[in-house]
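Asks: Below are the structure tokens for one structure; questions will follow.
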Amino acid sequence: MAKNKTVFTDENVIEFIENLENDIKKKDSFQLIDLMREIIKCEPKMWGPSIIGFGEYHYKYASGHEGNAPVLGFSPRKAAISLYVFSGADEHLETVEKLGKFTMGKSCIYVKKMIDIDTNVLNELMQQSIDFVSEKYQRIS
């Protein structure tokens, strides 16, 4: 079985953000930390080299693959901020559609700047994701 690449690390979240070259991404990252911390009531931790995650849950798929992952998270990447705030559930797509200007992968939302999205909708989406993860998986924190 393949080893999980995204695992908790002891790297410092604030140092990681301060080392970003883009000042808008720094500002947006601190805004996201405030929003996520407020809704999930957990402190941020680094997952892998570039994901800032909040909370933790254990998953196990039918294939047998299992591991731990953050409940919510984001990564301030060069092209866009990757938001890990969507459960992938069809019933949450209506909320996603109201978010604002973004693109989307399978269950990852990409935004260029926080000013492009509605933070009230983001909060609603994060709560839906927290609820989904808490119901479906073993929540650790």
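Convention: chains lettered A, B, ... in structure tokens order; per-chain residue numbering from 1; ligands numbered from 1 as shown.
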Using only C-alpha atoms, find each residue in range 49-91 of chain A having at least one atom no more than 6 Å away from range 138-141 of chain A; report its shortest atom-to-atom pair and that distance in Å (one decimal), rows by chain then rising number, as JSON lines.

Replies:
{"residue": "A:Gly55", "atom": "CA", "partner": "A:Ser141", "partner_atom": "CA", "distance": 4.8}
{"residue": "A:Glu56", "atom": "CA", "partner": "A:Ser141", "partner_atom": "CA", "distance": 5.1}
{"residue": "A:Tyr57", "atom": "CA", "partner": "A:Arg139", "partner_atom": "CA", "distance": 4.2}
{"residue": "A:His58", "atom": "CA", "partner": "A:Gln138", "partner_atom": "CA", "distance": 5.3}

Asks: Print the selection's residues with N, CA, C and O atoms to a file, as a PDB file, in the first residue's frame.

Replies:
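Now in selection-v3.pdb:
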ATOM      1  N   GLY A  55      -8.131  20.789  12.400  1.00  0.00           N
ATOM      2  CA  GLY A  55      -8.809  19.575  12.809  1.00  0.00           C
ATOM      3  C   GLY A  55      -8.160  18.379  12.132  1.00  0.00           C
ATOM      4  O   GLY A  55      -7.225  18.516  11.333  1.00  0.00           O
ATOM      5  N   GLU A  56      -8.666  17.194  12.476  1.00  0.00           N
ATOM      6  CA  GLU A  56      -8.109  15.977  11.904  1.00  0.00           C
ATOM      7  C   GLU A  56      -9.157  14.868  11.961  1.00  0.00           C
ATOM      8  O   GLU A  56      -9.928  14.785  12.909  1.00  0.00           O
ATOM      9  N   TYR A  57      -9.186  14.063  10.924  1.00  0.00           N
ATOM     10  CA  TYR A  57     -10.070  12.899  10.916  1.00  0.00           C
ATOM     11  C   TYR A  57      -9.355  11.713  10.294  1.00  0.00           C
ATOM     12  O   TYR A  57      -8.356  11.875   9.587  1.00  0.00           O
ATOM     13  N   HIS A  58      -9.871  10.545  10.592  1.00  0.00           N
ATOM     14  CA  HIS A  58      -9.318   9.305  10.042  1.00  0.00           C
ATOM     15  C   HIS A  58     -10.296   8.762   9.008  1.00  0.00           C
ATOM     16  O   HIS A  58     -11.491   8.659   9.268  1.00  0.00           O
TER      17      HIS A  58
END

Asks: Quick one: everything within 9 Å of Tyr84 in chain A, counting only C-alpha atoms, minus sequence neighbours fewer than 5 positions away in the same chain. Send it as a list of chain:residue names.

Replies: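 The neighbour list is A:Gly53, A:Pro70, A:Val71, A:Leu72, A:Gly73, A:Phe74, A:Ser75, A:Ser107, A:Cys108, A:Ile109, A:Met126.
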
Asks: Mind checking which residues fall within 10 Å of Gly105 in chain A, counting only C-alpha atoms, ignoring those fewer than 5 positions away in the same chain, and posting them as a short mmCIF file (atom, residue, chain, number, x, y, z; two decimals) with C-alpha atoms, in the first residue's frame?

Replies:
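selection17.cif, freshly written:
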data_model
loop_
_atom_site.label_atom_id
_atom_site.label_comp_id
_atom_site.auth_asym_id
_atom_site.auth_seq_id
_atom_site.Cartn_x
_atom_site.Cartn_y
_atom_site.Cartn_z
CA SER A 82 -6.34 25.77 -2.97
CA GLY A 88 -17.52 16.69 -2.62
CA TYR A 110 -9.17 27.33 -6.39
#

Asks: Find, counting only C-alpha atoms, the residue in A:Thr6, A:Asn123, A:Ile130, A:Leu93 that gets nearest to Glu38 in chain A.

Replies: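 Of A:Thr6, A:Asn123, A:Ile130, A:Leu93, the one nearest Glu38 in chain A is A:Asn123, counting only C-alpha atoms.
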
Asks: So which residues touch range 20-37 of chain A within 8 Å, counting only C-alpha atoms, skipping near sequence neighbours fewer than 2 positions away, as a count of residues only?

Replies: 19

Asks: For Lys98 in chain A, list every protein, DNA or RNA residue within 10 Å, evaluated using only C-alpha atoms, and leave out those in the same chain fewer than 5 positions away; present the list as a list in words.

Replies: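 Result of the neighbour search: Leu93, Ile117, Asp118, Asn120, Val121, Leu122 and Leu125 of chain A.
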
Asks: Can you list, as a PyMOL selection string, every residue of chain A that DSSP puts in strand (DSSP E)?

Replies: chain A and resi 44-47+51-54+57-60+66-69+72-76+81-84+103-104+109-111+138-139

Asks: Identify, on the basis of only C-alpha atoms, every residue whose closest approach to Asp10 in chain A does not exceed 10 Å; exclude the query and any residue fewer than 5 positions from it along the same chain; express the result as a list in words.

Replies: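 These residues fall inside the cut-off: Lys45, Met46, Trp47 and Gly48 of chain A.
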
Asks: Just the helix (DSSP H, G or I) stuff from range 50-100 of chain A, please, per backbone DSSP, written as a PyMOL selection string.

Replies: chain A and resi 90-97

Asks: How about saving the chosen residues, N, CA, C and O atoms kept, as an mmCIF file, in the first residue's frame?

Replies:
data_model
loop_
_atom_site.group_PDB
_atom_site.id
_atom_site.type_symbol
_atom_site.label_atom_id
_atom_site.label_comp_id
_atom_site.auth_asym_id
_atom_site.auth_seq_id
_atom_site.Cartn_x
_atom_site.Cartn_y
_atom_site.Cartn_z
ATOM 1 N N ASP A 90 -22.813 16.023 -3.470
ATOM 2 C CA ASP A 90 -23.690 16.708 -4.422
ATOM 3 C C ASP A 90 -24.605 17.726 -3.752
ATOM 4 O O ASP A 90 -24.871 18.787 -4.309
ATOM 5 N N GLU A 91 -25.068 17.398 -2.548
ATOM 6 C CA GLU A 91 -26.007 18.297 -1.867
ATOM 7 C C GLU A 91 -25.363 19.618 -1.441
ATOM 8 O O GLU A 91 -26.055 20.567 -1.072
ATOM 9 N N HIS A 92 -24.043 19.715 -1.521
ATOM 10 C CA HIS A 92 -23.358 20.950 -1.157
ATOM 11 C C HIS A 92 -22.988 21.795 -2.377
ATOM 12 O O HIS A 92 -22.476 22.906 -2.237
ATOM 13 N N LEU A 93 -23.262 21.287 -3.579
ATOM 14 C CA LEU A 93 -22.917 22.017 -4.810
ATOM 15 C C LEU A 93 -23.659 23.341 -4.933
ATOM 16 O O LEU A 93 -23.116 24.315 -5.447
ATOM 17 N N GLU A 94 -24.885 23.390 -4.442
ATOM 18 C CA GLU A 94 -25.663 24.629 -4.509
ATOM 19 C C GLU A 94 -24.954 25.748 -3.733
ATOM 20 O O GLU A 94 -24.932 26.893 -4.169
ATOM 21 N N THR A 95 -24.372 25.410 -2.608
ATOM 22 C CA THR A 95 -23.620 26.398 -1.824
ATOM 23 C C THR A 95 -22.375 26.827 -2.581
ATOM 24 O O THR A 95 -22.071 28.022 -2.667
ATOM 25 N N VAL A 96 -21.657 25.880 -3.149
ATOM 26 C CA VAL A 96 -20.437 26.187 -3.905
ATOM 27 C C VAL A 96 -20.729 27.181 -5.021
ATOM 28 O O VAL A 96 -19.961 28.126 -5.242
ATOM 29 N N GLU A 97 -21.829 26.993 -5.699
ATOM 30 C CA GLU A 97 -22.176 27.855 -6.839
ATOM 31 C C GLU A 97 -22.363 29.316 -6.441
ATOM 32 O O GLU A 97 -22.247 30.206 -7.275
#

Asks: Report, in Å to a single decimal, how far apart CA of Val85 in chain A and CA of Gln128 in chain A are.

Replies: 8.6 Å

Asks: Hey, can you check how far CA of Leu83 in chain A sits from CA of Lys60 in chain A?

Replies: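 Computing the Euclidean distance for CA of Leu83 in chain A and CA of Lys60 in chain A yields 22.0 Å.
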